[in-house]
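Reviewing the structure listed below.
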Amino acid sequence: MIHPSILSLTAGLLFLAPLHLQGQRPSIATAYRAVADSLIQAATADSAAYARVGVLVDRFGHRLAGSRSLEAAIDWVLAEMKKDGLQKVRGEPVSVTHWERGQEWAELVRPRRQRLAMLGLGGSVATPVAGITAPVLVVASFEELVRRRAEAKGKIVLFDAPFTTYGETRRYRTDGPSAAARAGAVACLIRSVASESIRSPHTGRTRYDSTVARIPAAALSVEDAMMLHRMQDRGEPVVVTLRMSARQLPNARSRNVVAELVGREKPEEVVVLGGHIDSWDVGQGAMDDAGGSVAAWEAVRLMKQLGLRPRRTVRVVLWTNEENGLRGANAYRDRHRDQLVNHILAMESDAGTFKPTGFGFTGSDSAFAIMQQIGTLLERIEAGQIVRGGGGADIGPIMALGVPGMGLNVDGTRYFWYHHTEADTIDKLDPREMALCTAAMAVMAYVVAEMPERLPRATTP
Ligand SMILES: [Zn+2]
């Protein structure tokens, strides 16, 4: 169905045509104001995007790579995309990591018995069946571990590092276990990577260094990590039992979800937008990243609904296995390597779907200037701030090969309260904010796909 606002939009574009012919090209803000407004209007007219996230996460639950729920969710998305009338809807095969958490628990044994709030880290090895019971050495940093290396042997090392930024603090999750193993530890615990806590542990991928032993690794809630630290500071001996039955299975089959609006003039030139369809195996993966996936998907659906068919192809991609392998991102790069020269822009939403503020862009100065102009079309929803530097894990591999990239920026105040926990559920999202994220992605993708010139790259490929 043609949206009513399309009528005035068409009139607006016809009115502008003579300017083009005279070589007096109107500014982006002038040329695309009407169509941008129609996309914003359509995105914010209802709660369709939020409702779609709701079906995705309530019906299928969390979506860890290798799980049946991930593949069932992908089947559903593909079927819905076909119903939406999107083109070239397909699942591109990806071989993914298959890790299972199994049963796990941790218990404080001394100075008193108490169950600890824990989550194993993704990729962790198991403990022996009887578990590991050992004294704990609490350190606040890698530097403290180096200083106290002599005390670590045979112990469980707990990194109780306060949250600063995600990028900085998550090093304890990725690199902590191998640092602890290098010091002779038998297992590793970390304080959850969280900016606030209500005693929920946060999982996430760890990374073993191949030169040292792989030791079991888990996150404790912030509260529990701090308590063990206080006990140690008082000179009380701290002993913990850790039991985990995690296992790494052979690779599994998954798919990147891909759908398009094929460009009307330059179908080979592609604007990619997306998020990742997989999640951790706790909560619903609603913020991370069902919301981002659906915002990108809905952005393309709205173009279709409004009868818009831009000059270039707009392609939504929901990557698989971002969380514990990045296999979908790498498979996309490999499969489309020959076409990357014609990837005009890649855009990702994977920082939560809260109130959008704009985009972070990585590309040439001249492209940045164009992005800032497009940003003015989003000022009416306060989402027009274009800053330098941005991208996303899933578009990282193609950005490394020269594709300009950008990430949707949102108010991230609450993101690391819930990130990778049982509490990453849809009730943390807001229908209006979800609609605004959709609108921002729709306007940005549409204008870049429609404007007469290709977005310039730093160097001509
Ligand atoms: Zn994510």
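Each chain in the structure tokens gets a letter, A, B and so on, in the order shown; residues start at 1 in every chain, and ligands are counted from 1 in the order they appear.
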- Mind listing the strand (DSSP E or B) residues of stretch 82-301 of chain A, per DSSP on the backbone, as a VMD selection string? chain A and resid 87 to 100 104 to 110 114 to 116 118 to 120 122 132 to 139 156 to 159 187 to 191 205 217 to 220 239 to 244 247 to 261 266 to 276
- How would you write, as a list in words, the set of residues no farther than 6 Å from ligand 1 when counting only C-alpha atoms and all ligand atoms?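 Based on only C-alpha atoms and all ligand atoms, ligand 1 is surrounded within 6 Å by Asp288, Asp289 and Asp350 of chain A.
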Could you produce a table of the residues of stretch 334-416 of chain A lying within 9 Å of stretch 422-429 of chain A, with the nearest pair of atoms per residue and their separation in Å rounded to one decimal, using only C-alpha atoms, ordered by chain and increasing residue number, as a Markdown table?
```
| residue | atom | partner | partner_atom | distance |
| --- | --- | --- | --- | --- |
| A:Gly352 | CA | A:Leu429 | CA | 8.7 |
| A:Thr353 | CA | A:Leu429 | CA | 6.9 |
| A:Phe354 | CA | A:Leu429 | CA | 6.8 |
| A:Arg414 | CA | A:Lys428 | CA | 9.0 |
```
Keeping only N, CA and C atoms, write the selected residues to a file as a short mmCIF file (atom, residue, chain, number, x, y, z; two decimals), in the first residue's frame.
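Generated file (result07.cif):
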```
data_model
loop_
_atom_site.label_atom_id
_atom_site.label_comp_id
_atom_site.auth_asym_id
_atom_site.auth_seq_id
_atom_site.Cartn_x
_atom_site.Cartn_y
_atom_site.Cartn_z
N GLY A 352 22.74 -1.53 21.47
CA GLY A 352 21.47 -1.38 22.15
C GLY A 352 20.54 -0.49 21.35
N THR A 353 19.23 -0.69 21.54
CA THR A 353 18.26 0.16 20.84
C THR A 353 17.58 1.04 21.87
N PHE A 354 18.35 2.05 22.30
CA PHE A 354 17.82 3.08 23.20
C PHE A 354 17.65 4.34 22.36
N ARG A 414 22.17 2.70 30.06
CA ARG A 414 21.71 1.49 30.74
C ARG A 414 22.20 0.20 30.09
#
```
- Tell me which of A:Val94, A:Val403, A:Met231, A:Val53 sits closest to A:Arg255, counting only C-alpha atoms.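 Answer, going by the shortest atom-to-atom distance: A:Val94.
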